[in-house]
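Pasted below: my_file_31.cif, mmCIF, C-alpha atoms.
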```cif
data_run
loop_
_atom_site.label_atom_id
_atom_site.label_comp_id
_atom_site.auth_asym_id
_atom_site.auth_seq_id
_atom_site.Cartn_x
_atom_site.Cartn_y
_atom_site.Cartn_z
CA PRO A 169 103.65 -16.81 16.73
CA HIS A 170 102.54 -15.28 20.06
CA SER A 171 102.07 -11.70 18.92
CA PRO A 172 98.93 -9.86 20.12
CA PRO A 173 97.24 -9.86 16.68
CA ALA A 174 97.62 -13.63 16.43
CA THR A 175 96.08 -14.00 19.88
CA ALA A 176 93.15 -11.77 18.99
CA ASN A 177 92.49 -13.68 15.78
CA ALA A 178 92.69 -17.00 17.59
CA LEU A 179 90.20 -15.90 20.22
CA TRP A 180 87.83 -14.54 17.62
CA LEU A 181 87.87 -17.84 15.74
CA TYR A 182 87.53 -19.82 18.98
CA GLN A 183 84.51 -17.77 19.96
CA TRP A 184 82.68 -17.70 16.65
CA ALA A 185 83.69 -20.87 14.78
CA PRO A 186 80.75 -22.96 16.13
CA LEU A 187 78.33 -20.51 14.58
CA ILE A 188 79.48 -21.19 11.03
CA GLY A 189 76.73 -23.18 9.36
CA ASN A 190 74.11 -22.28 11.98
CA GLY A 191 72.82 -19.22 10.18
CA GLU A 192 74.74 -16.71 12.27
CA THR A 193 76.81 -15.72 9.23
CA ASP A 194 75.90 -15.20 5.59
CA VAL A 195 78.30 -17.85 4.32
CA LEU A 196 76.68 -20.33 1.93
CA LEU A 197 78.25 -23.64 2.84
CA SER A 198 76.92 -25.81 0.04
CA GLU A 199 74.90 -25.48 -3.13
CA ASP A 200 73.59 -29.01 -2.58
CA GLU A 201 70.90 -28.66 0.08
CA ASP A 202 70.83 -32.39 0.78
CA VAL A 203 74.35 -32.30 2.15
CA SER A 204 74.35 -28.79 3.59
CA ASN A 205 73.79 -30.15 7.10
CA MET A 206 76.84 -32.39 7.00
CA VAL A 207 78.96 -29.65 5.44
CA SER A 208 77.97 -27.20 8.15
CA PHE A 209 79.04 -29.59 10.87
CA SER A 210 82.28 -30.44 9.12
CA THR A 211 83.08 -26.74 8.72
CA ALA A 212 82.29 -25.99 12.35
CA ALA A 213 84.37 -28.94 13.55
CA VAL A 214 87.40 -28.02 11.41
CA CYS A 215 87.26 -24.34 12.39
CA GLY A 216 86.81 -25.33 16.02
CA ALA A 217 89.83 -27.62 15.93
CA ILE A 218 92.00 -24.93 14.31
CA ALA A 219 90.83 -22.40 16.86
CA VAL A 220 91.53 -24.71 19.79
CA VAL A 221 95.09 -25.38 18.67
CA THR A 222 95.80 -21.70 17.98
CA ALA A 223 94.22 -20.54 21.21
CA THR A 224 96.23 -23.10 23.15
CA GLN A 225 99.47 -21.74 21.74
CA CYS A 226 98.49 -18.13 22.40
CA ALA A 227 97.26 -18.77 25.94
CA ALA A 228 100.74 -19.52 27.22
CA PHE A 229 101.54 -15.81 27.50
CA HIS A 230 98.24 -14.50 28.83
CA SER A 231 96.05 -14.84 31.91
CA VAL A 232 93.47 -17.62 32.02
CA SER A 233 89.88 -17.44 33.22
CA PRO A 234 89.54 -19.55 36.39
CA ILE A 235 86.11 -20.73 35.25
CA LEU A 236 87.43 -22.03 31.94
CA GLU A 237 90.41 -23.65 33.61
CA SER A 238 88.25 -25.40 36.20
CA GLN A 239 85.89 -26.77 33.54
CA SER A 240 88.64 -28.29 31.43
CA PRO A 241 89.13 -32.04 32.02
CA PRO A 242 92.52 -33.36 33.19
CA GLY A 243 95.04 -33.34 30.40
CA PHE A 244 92.81 -31.37 28.05
CA GLY A 245 95.25 -28.49 27.95
CA ILE A 246 92.97 -25.79 26.52
CA LYS A 247 93.31 -22.42 28.25
CA PRO A 248 91.78 -19.74 26.02
CA ALA A 249 92.74 -16.33 27.40
CA PHE A 250 89.36 -14.60 27.38
CA THR A 251 90.33 -12.40 30.33
CA SER A 252 93.47 -10.92 28.80
CA SER A 253 93.27 -7.14 28.65
CA LEU A 254 95.85 -7.25 25.85
CA CYS A 255 93.58 -9.49 23.77
CA ARG A 256 90.58 -7.25 24.36
CA SER A 257 92.51 -4.26 23.08
CA GLN A 258 93.53 -5.95 19.84
CA GLY A 259 91.23 -6.31 16.84
CA PRO A 260 87.55 -5.43 16.37
CA PHE A 261 86.19 -8.95 16.90
CA VAL A 262 87.05 -9.66 20.55
CA THR A 263 84.85 -7.75 22.94
CA GLU A 264 84.34 -7.97 26.67
CA ARG A 265 80.87 -9.31 27.41
CA GLU A 266 79.06 -11.48 29.88
CA THR A 267 78.85 -15.04 28.56
CA SER A 268 76.10 -17.49 29.47
CA ARG A 269 77.06 -21.14 29.44
CA THR A 270 73.89 -21.98 27.53
CA GLU A 271 74.50 -19.47 24.74
CA LEU A 272 74.91 -21.14 21.37
CA ARG A 273 78.24 -19.34 21.05
CA MET A 274 79.35 -21.61 23.90
CA GLY A 275 82.45 -19.55 24.69
CA LEU A 276 82.83 -21.40 27.98
CA ASP A 277 82.40 -24.93 26.69
CA LEU A 278 83.22 -25.41 23.03
CA VAL A 279 83.62 -29.18 23.45
CA THR A 280 80.11 -29.73 24.81
CA TYR A 281 78.63 -27.39 22.21
CA LEU A 282 80.15 -29.20 19.21
CA ARG A 283 79.33 -32.65 20.54
CA THR A 284 75.70 -31.90 21.46
CA GLU A 285 75.16 -30.18 18.11
CA TYR A 286 76.35 -33.31 16.30
CA ILE A 287 74.14 -35.57 18.45
CA SER A 288 71.13 -33.28 17.96
CA ALA A 289 71.47 -33.36 14.18
CA ALA A 290 71.89 -37.14 14.10
CA LEU A 291 68.93 -37.65 16.45
CA CYS A 292 66.57 -35.50 14.37
CA THR A 293 67.73 -37.01 11.09
CA ASN A 294 67.42 -40.64 12.18
CA GLN A 295 64.54 -40.63 14.68
CA ILE A 296 61.90 -38.45 13.01
CA SER A 297 59.49 -40.65 11.09
CA ARG A 298 59.11 -39.94 7.38
CA ASP A 299 55.33 -39.79 7.75
CA ALA A 300 55.56 -36.99 10.33
CA ASP A 301 54.29 -33.65 9.02
CA THR A 302 54.46 -31.21 11.94
CA CYS A 303 57.36 -30.54 14.31
CA LEU A 304 57.46 -28.17 17.29
CA GLN A 305 60.72 -26.97 18.86
CA LEU A 306 60.92 -26.09 22.53
CA GLY A 307 63.07 -23.03 23.15
CA THR A 308 63.78 -21.92 19.58
CA ASP A 309 66.89 -19.77 19.71
CA ASP A 310 68.35 -20.01 16.19
CA GLY A 311 67.78 -21.61 12.80
CA ARG A 312 69.49 -24.96 13.27
CA ALA A 313 66.22 -26.94 13.59
CA VAL A 314 65.40 -26.14 9.96
CA THR A 315 68.49 -28.05 8.81
CA PHE A 316 68.22 -30.78 11.46
CA VAL A 317 64.72 -32.05 10.66
CA PRO A 318 64.13 -34.13 7.50
CA LYS A 319 62.71 -32.44 4.42
CA THR A 320 59.56 -34.52 4.85
CA ILE A 321 58.57 -32.22 7.74
CA ARG A 322 56.13 -29.71 6.24
CA GLU A 323 55.67 -27.37 9.21
CA LEU A 324 58.04 -26.23 11.96
CA ILE A 325 56.40 -24.47 14.93
CA THR A 326 58.47 -22.27 17.22
CA SER A 327 58.38 -21.51 20.93
CA SER A 328 60.62 -19.32 23.05
CA ALA A 329 62.77 -19.90 26.12
CA GLU A 330 62.91 -16.16 26.79
CA SER A 331 61.15 -14.72 29.83
CA ASP A 332 58.71 -12.71 27.70
CA GLY A 333 57.83 -15.70 25.51
CA LYS A 334 58.82 -13.95 22.30
CA LEU A 335 61.27 -15.04 19.62
CA SER A 336 64.35 -12.87 19.43
CA LEU A 337 65.10 -10.93 16.26
CA SER A 338 68.24 -13.02 15.82
CA ALA A 339 66.23 -16.26 15.98
CA ARG A 340 63.71 -14.99 13.44
CA ARG A 341 66.48 -13.90 11.08
CA GLN A 342 68.31 -17.21 11.30
CA LEU A 343 65.12 -19.24 10.84
CA LYS A 344 64.23 -17.27 7.72
CA GLN A 345 67.77 -17.54 6.40
CA GLN A 346 67.92 -21.32 6.78
CA ALA A 347 64.36 -21.82 5.51
CA ASP A 348 65.12 -19.78 2.37
CA ARG A 349 68.22 -21.85 1.72
CA ARG A 350 66.76 -25.27 2.34
CA LYS A 351 63.27 -24.65 0.92
CA ALA A 352 61.68 -27.42 2.98
CA ALA A 353 59.59 -26.93 6.13
CA ILE A 354 57.35 -23.88 6.43
CA VAL A 355 58.30 -22.07 9.64
CA GLN A 356 55.43 -20.85 11.79
CA TYR A 357 56.84 -17.91 13.76
CA ILE A 358 54.79 -18.12 16.94
CA ASP A 359 55.51 -16.09 20.07
CA GLN A 360 54.67 -18.54 22.85
CA PRO A 361 56.70 -19.50 25.93
CA SER A 362 57.99 -23.06 25.94
CA ASP A 363 56.23 -23.80 29.21
CA ASN A 364 52.85 -22.54 27.96
CA LEU A 365 52.17 -23.53 24.36
CA SER A 366 48.86 -21.69 24.33
CA GLU A 367 48.93 -21.17 20.55
CA THR A 368 49.23 -24.90 19.83
CA ALA A 369 46.18 -27.18 20.00
CA ASP A 370 45.99 -30.49 21.85
CA GLU A 371 47.27 -33.53 19.94
CA SER A 372 48.18 -31.50 16.86
CA VAL A 373 51.92 -32.18 16.53
CA ASP A 374 53.79 -35.26 15.29
CA VAL A 375 57.24 -34.46 16.77
CA VAL A 376 58.54 -32.24 19.56
CA ILE A 377 62.27 -31.53 19.81
CA SER A 378 64.05 -30.06 22.83
CA LEU A 379 67.71 -29.32 22.09
CA GLN A 380 69.74 -27.76 24.92
CA ALA A 381 66.77 -25.61 25.91
CA ALA A 382 65.80 -26.69 29.43
CA GLU A 383 68.72 -25.00 31.21
CA LYS A 384 68.06 -21.75 29.38
CA MET A 385 64.41 -21.93 30.41
CA ARG A 386 65.50 -22.24 34.02
CA GLU A 387 67.86 -19.28 33.69
CA ASN A 388 65.06 -17.13 32.27
CA GLY A 389 62.53 -18.07 34.92
CA LEU A 390 60.50 -20.55 32.86
CA ASP A 391 59.43 -23.98 34.12
CA TRP A 392 61.23 -26.65 32.08
CA LYS A 393 59.14 -29.40 33.69
CA ARG A 394 55.97 -27.74 32.49
CA SER A 395 57.49 -27.56 29.00
CA VAL A 396 57.73 -31.37 29.03
CA ARG A 397 54.09 -31.58 30.10
CA GLU A 398 53.12 -29.15 27.35
CA ALA A 399 55.01 -31.31 24.85
CA ALA A 400 52.94 -34.29 26.00
CA ARG A 401 49.74 -32.29 25.58
CA VAL A 402 50.37 -31.12 22.00
CA LEU A 403 51.76 -34.46 20.76
CA ARG A 404 49.44 -36.84 18.99
CA PRO A 405 49.25 -40.38 20.41
CA GLY A 406 52.25 -42.15 18.93
CA GLY A 407 54.09 -38.84 18.45
CA ARG A 408 57.75 -38.54 19.42
CA LEU A 409 59.65 -36.39 21.90
CA LEU A 410 63.33 -36.02 20.95
CA PHE A 411 65.66 -34.37 23.44
CA VAL A 412 69.32 -33.55 24.03
CA GLU A 413 69.42 -31.83 27.40
CA GLN A 414 71.61 -31.41 30.45
CA THR A 415 71.44 -34.55 32.58
CA THR A 416 70.61 -32.63 35.77
CA ILE A 417 68.83 -29.29 35.89
CA ASP A 418 68.59 -27.53 39.23
CA GLY A 419 68.94 -30.85 41.05
CA ASP A 420 66.34 -32.77 39.00
CA GLU A 421 67.14 -35.32 36.31
CA TYR A 422 65.54 -34.58 32.94
CA LEU A 423 65.31 -38.25 31.93
CA GLU A 424 63.71 -39.35 35.20
CA PHE A 425 61.08 -36.62 35.11
CA ALA A 426 60.07 -37.16 31.48
CA GLY A 427 60.09 -40.94 31.76
CA ASN A 428 57.88 -40.98 34.87
CA LEU A 429 55.39 -38.33 33.76
CA LEU A 430 51.86 -39.56 34.50
CA SER A 431 49.81 -36.58 33.34
CA TRP A 432 50.28 -33.26 31.54
CA LYS A 433 47.39 -31.58 33.36
CA ASP A 434 48.35 -29.02 36.00
CA GLU A 435 45.60 -30.18 38.37
CA ASP A 436 47.03 -33.72 38.41
CA GLN A 437 50.47 -32.63 39.58
CA GLY A 438 51.31 -33.53 43.17
CA LYS A 439 48.49 -36.05 43.56
CA GLU A 440 49.23 -38.96 45.85
CA ILE A 441 49.24 -42.41 44.28
CA SER A 442 47.24 -44.97 46.21
CA GLU A 443 48.76 -48.37 46.95
CA GLY A 444 48.08 -50.95 44.26
CA GLU A 445 47.00 -48.33 41.71
CA GLU A 446 48.15 -49.07 38.17
CA LEU A 447 50.44 -46.41 36.70
CA TYR A 448 50.25 -45.40 33.07
CA PRO A 449 53.19 -43.17 32.08
CA VAL A 450 52.53 -40.66 29.32
CA PHE A 451 55.68 -41.61 27.43
CA GLU A 452 57.08 -44.96 26.37
CA CYS A 453 60.87 -45.02 26.12
CA VAL A 454 62.36 -45.92 22.75
CA GLY A 455 65.94 -45.40 23.91
CA PHE A 456 68.34 -43.03 25.62
CA ASP A 457 72.05 -42.65 26.32
CA ASP A 458 74.49 -40.28 27.95
CA VAL A 459 76.29 -37.97 25.53
CA ASP A 460 79.96 -38.86 25.69
CA LEU A 461 83.02 -36.67 25.15
CA VAL A 462 81.49 -33.62 26.83
CA ILE A 463 82.44 -31.47 29.81
CA THR A 464 78.88 -30.66 30.90
CA PRO A 465 76.90 -33.94 31.24
CA HIS A 466 74.04 -34.29 28.74
CA VAL A 467 71.55 -37.03 27.94
CA ALA A 468 69.88 -37.79 24.60
CA GLY A 469 66.75 -39.83 24.13
CA VAL A 470 63.57 -40.63 22.22
CA PHE A 471 60.15 -41.06 23.86
CA ILE A 472 56.84 -41.97 22.20
CA LYS A 473 53.54 -40.71 23.54
CA SER A 474 51.48 -43.68 24.64
CA GLU A 475 48.25 -44.43 22.79
CA GLU A 476 46.54 -44.54 26.19
CA ALA A 477 48.01 -41.29 27.49
CA GLY A 478 45.41 -39.05 29.12
CA MET A 479 42.72 -41.74 29.34
CA THR A 480 40.69 -42.28 32.49
CA PRO A 481 40.60 -45.79 34.05
CA GLU A 482 37.08 -46.27 32.62
CA GLU A 483 38.23 -45.31 29.13
CA ARG A 484 41.15 -47.72 29.35
CA LYS A 485 38.84 -50.58 30.38
CA ALA A 486 36.46 -49.78 27.53
CA LYS A 487 39.35 -49.73 25.09
CA GLU A 488 40.68 -53.07 26.37
CA ALA A 489 37.22 -54.61 26.04
CA ALA A 490 36.89 -53.32 22.48
CA GLU A 491 40.33 -54.67 21.57
CA ALA A 492 39.48 -58.09 23.06
CA LYS A 493 36.23 -58.17 21.08
CA ALA A 494 38.05 -57.26 17.88
CA LYS A 495 40.62 -60.03 18.44
CA GLU A 496 37.85 -62.58 19.03
CA ALA A 497 36.11 -61.52 15.82
CA GLU A 498 39.38 -61.81 13.91
CA ARG A 499 39.96 -65.31 15.27
CA SER A 500 36.43 -66.35 14.21
CA ILE A 501 36.96 -65.04 10.69
CA ASN A 502 40.32 -66.83 10.41
CA ALA A 503 38.74 -70.11 11.59
CA PHE A 504 35.94 -69.77 9.03
CA GLU A 505 38.41 -69.11 6.21
CA ARG A 506 40.53 -72.13 7.18
CA GLY A 507 37.41 -74.36 7.21
CA LEU A 508 36.33 -73.04 3.81
CA LYS A 509 39.74 -73.85 2.33
CA LYS A 510 39.59 -77.40 3.73
CA ARG A 511 36.10 -77.97 2.27
CA LYS A 512 37.23 -76.72 -1.16
CA LYS A 513 40.27 -78.99 -1.01
CA LYS A 514 38.14 -82.07 -0.14
CA LYS A 515 35.64 -81.25 -2.87
CA LYS A 516 38.43 -80.96 -5.43
CA ALA A 517 39.91 -84.28 -4.29
CA LYS A 518 36.55 -86.08 -4.60
CA LYS A 519 36.04 -84.64 -8.09
CA GLY A 520 39.45 -85.93 -9.17
CA MET A 521 38.73 -89.44 -7.86
CA ALA A 522 35.39 -89.51 -9.70
CA GLU A 523 37.06 -88.57 -12.98
CA GLU A 524 39.67 -91.32 -12.57
CA ALA A 525 36.93 -93.92 -11.91
#
```
Kindly return the structure encoded in the file as structure tokens.
Amino acid sequence: PHSPPATANALWLYQWAPLIGNGETDVLLSEDEDVSNMVSFSTAAVCGAIAVVTATQCAAFHSVSPILESQSPPGFGIKPAFTSSLCRSQGPFVTERETSRTELRMGLDLVTYLRTEYISAALCTNQISRDADTCLQLGTDDGRAVTFVPKTIRELITSSAESDGKLSLSARRQLKQQADRRKAAIVQYIDQPSDNLSETADESVDVVISLQAAEKMRENGLDWKRSVREAARVLRPGGRLLFVEQTTIDGDEYLEFAGNLLSWKDEDQGKEISEGEELYPVFECVGFDDVDLVITPHVAGVFIKSEEAGMTPEERKAKEAAEAKAKEAERSINAFERGLKKRKKKKKAKKGMAEEA
């Protein structure tokens, strides 16, 4: 059971199992497109579980990466032997390469990868309104968004977390592969950095999704905070920002920054707030929660762009005055209708009494 070929096969499955169903392979998971998303997650989870058990057995006779060992929680017991020279020499599938902890392969943290993928799919499925037409993804790196968003989404706009702002060939291939299979949203392949959505007009998008992209932006030299501001700019009033991101990125909390954003304009950043000044956050919080059962802390949440976002104090006062006037007019109309009903009722009663007499 602990022969070198078994070890090599176990490590290959451990490394690549999460990709099954994400468009990285050419395996058709389901003929029924409505359930393809659930099947892909079930397949990935089963393969991941098998790989974890097999890799645990094989790791007993090989060296263990100190990084992997330090990231495993107490009692977890998973020690995949990625550093074993014996494993690297066996089989064509295990190769020595530098692994980023934000790669979708997630060789360093399979647990967090599987859990955040499940949460991301559930969030997109349940929190995207059925009347939403356009969705933009921050940091598009594969084709999973095509299967995550509902089929009612007509257009999916891409952006890149790469330093050059361009979609990778792998991302383009996976997007096309998933779009051809699902036959739902039309993918707009746009080369634009996630922190500068220059190809997307103001207030032109119904939904923005950010799924494990902020940390990769930071690694590639992009400004993840500016990507949140850009999301606020392109969202229509009432549009939704859905995110599953690392709780803390380079010392700053994602949830705190997005929830307290007051303006998406660059010139407004860093302005001092005078005492007694009313604050109007760009986003209104629908709900958020920490992602449980993960090694790397993540947070998931839903924000709605305020109807008053981006308005000047004068515009807000004018809007409040108009709303108050509309309410007064509505009350007057309701009072008139109630009086008319009472007069008709009295007239009918008098007519009945006259007929009886």
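Coordinates place atom CA of A:Gly406 at a distance of 13.1 Å from atom CA of A:Gln295.
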Selection near stretch 421-432 of chain A, 9 Å with only C-alpha atoms, sequence-local residues under 6 positions removed, as a VMD selection string
chain A and resid 382 393 to 394 396 to 401 413 to 415 447 to 453 456 467 to 469 471 477 to 478
At a cut-off of 7 Å, using only C-alpha atoms, what residues contact A:Gly333? Leave out same-chain residues fewer than 5 positions from it and give the result as a short mmCIF file (atom, residue, chain, number, x, y, z; two decimals) with C-alpha atoms, in the frame of the given file.
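Here's the written file around.cif:
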```
data_model
loop_
_atom_site.label_atom_id
_atom_site.label_comp_id
_atom_site.auth_asym_id
_atom_site.auth_seq_id
_atom_site.Cartn_x
_atom_site.Cartn_y
_atom_site.Cartn_z
CA SER A 328 60.62 -19.32 23.05
CA ASP A 359 55.51 -16.09 20.07
CA GLN A 360 54.67 -18.54 22.85
CA PRO A 361 56.70 -19.50 25.93
#
```
Hits of the PyMOL selection byres ((chain A and resi 466) around 10) in this structure, as an MDAnalysis selection string
chainID A and resid 280 283:284 380 411:416 422 457:465 467:468
Nearest residue to A:Arg312 from the set A:Glu285, A:Glu488, A:Glu371, A:Glu387 (distances using all atoms listed in the file)
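Distance minimum relative to A:Arg312 lands on A:Glu285.
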How many Å lie between atom CA of A:Lys319 and atom CA of A:Ser362, rounded to one decimal?
23.9 Å
Please measure the separation of atom CA of A:Leu306 and atom CA of A:Val375, giving the value in Å to one decimal.
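It comes out at 10.8 Å.
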Env of A:Lys334: 12 Å cut, atoms = only C-alpha atoms, seq-sep filter 2 positions within chain, self excluded. Answer as number ranges by chain.
A: 307-309, 326-332, 336-340, 357-362, 364-365
Can you tell me which residues surround A:Ser297 at a distance of at most 10 Å, considering all atoms listed in the file, apart from same-chain residues fewer than 4 positions away, and format the answer as a list in words?
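Here the qualifying residues turn out to be Cys292, Thr293, Asp301, Pro318, Thr320, Ile321, Asp374, Val375, Gly407 and Arg408 of chain A.
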Rank A:Ser378, A:Leu304, A:Thr368, A:Ala522 by their smallest atom-to-atom distance to A:Ala289, using all atoms listed in the file, and report the top residue only.
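Ranking A:Ser378, A:Leu304, A:Thr368, A:Ala522 by distance to A:Ala289, first place goes to A:Ser378.
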Result set of the PyMOL selection byres ((chain A and resi 352) around 12) on the coordinates above, as a PDB file with C-alpha atoms, in the coordinates of the input:
```pdb
ATOM      1  CA  GLU A 201      70.900 -28.660   0.080  1.00  0.00           C
ATOM      2  CA  ASP A 202      70.830 -32.390   0.780  1.00  0.00           C
ATOM      3  CA  ASP A 301      54.290 -33.650   9.020  1.00  0.00           C
ATOM      4  CA  ALA A 313      66.220 -26.940  13.590  1.00  0.00           C
ATOM      5  CA  VAL A 314      65.400 -26.140   9.960  1.00  0.00           C
ATOM      6  CA  THR A 315      68.490 -28.050   8.810  1.00  0.00           C
ATOM      7  CA  PHE A 316      68.220 -30.780  11.460  1.00  0.00           C
ATOM      8  CA  VAL A 317      64.720 -32.050  10.660  1.00  0.00           C
ATOM      9  CA  PRO A 318      64.130 -34.130   7.500  1.00  0.00           C
ATOM     10  CA  LYS A 319      62.710 -32.440   4.420  1.00  0.00           C
ATOM     11  CA  THR A 320      59.560 -34.520   4.850  1.00  0.00           C
ATOM     12  CA  ILE A 321      58.570 -32.220   7.740  1.00  0.00           C
ATOM     13  CA  ARG A 322      56.130 -29.710   6.240  1.00  0.00           C
ATOM     14  CA  GLU A 323      55.670 -27.370   9.210  1.00  0.00           C
ATOM     15  CA  LEU A 324      58.040 -26.230  11.960  1.00  0.00           C
ATOM     16  CA  LEU A 343      65.120 -19.240  10.840  1.00  0.00           C
ATOM     17  CA  LYS A 344      64.230 -17.270   7.720  1.00  0.00           C
ATOM     18  CA  GLN A 346      67.920 -21.320   6.780  1.00  0.00           C
ATOM     19  CA  ALA A 347      64.360 -21.820   5.510  1.00  0.00           C
ATOM     20  CA  ASP A 348      65.120 -19.780   2.370  1.00  0.00           C
ATOM     21  CA  ARG A 349      68.220 -21.850   1.720  1.00  0.00           C
ATOM     22  CA  ARG A 350      66.760 -25.270   2.340  1.00  0.00           C
ATOM     23  CA  LYS A 351      63.270 -24.650   0.920  1.00  0.00           C
ATOM     24  CA  ALA A 353      59.590 -26.930   6.130  1.00  0.00           C
ATOM     25  CA  ILE A 354      57.350 -23.880   6.430  1.00  0.00           C
ATOM     26  CA  VAL A 355      58.300 -22.070   9.640  1.00  0.00           C
TER      27      VAL A 355
END
```
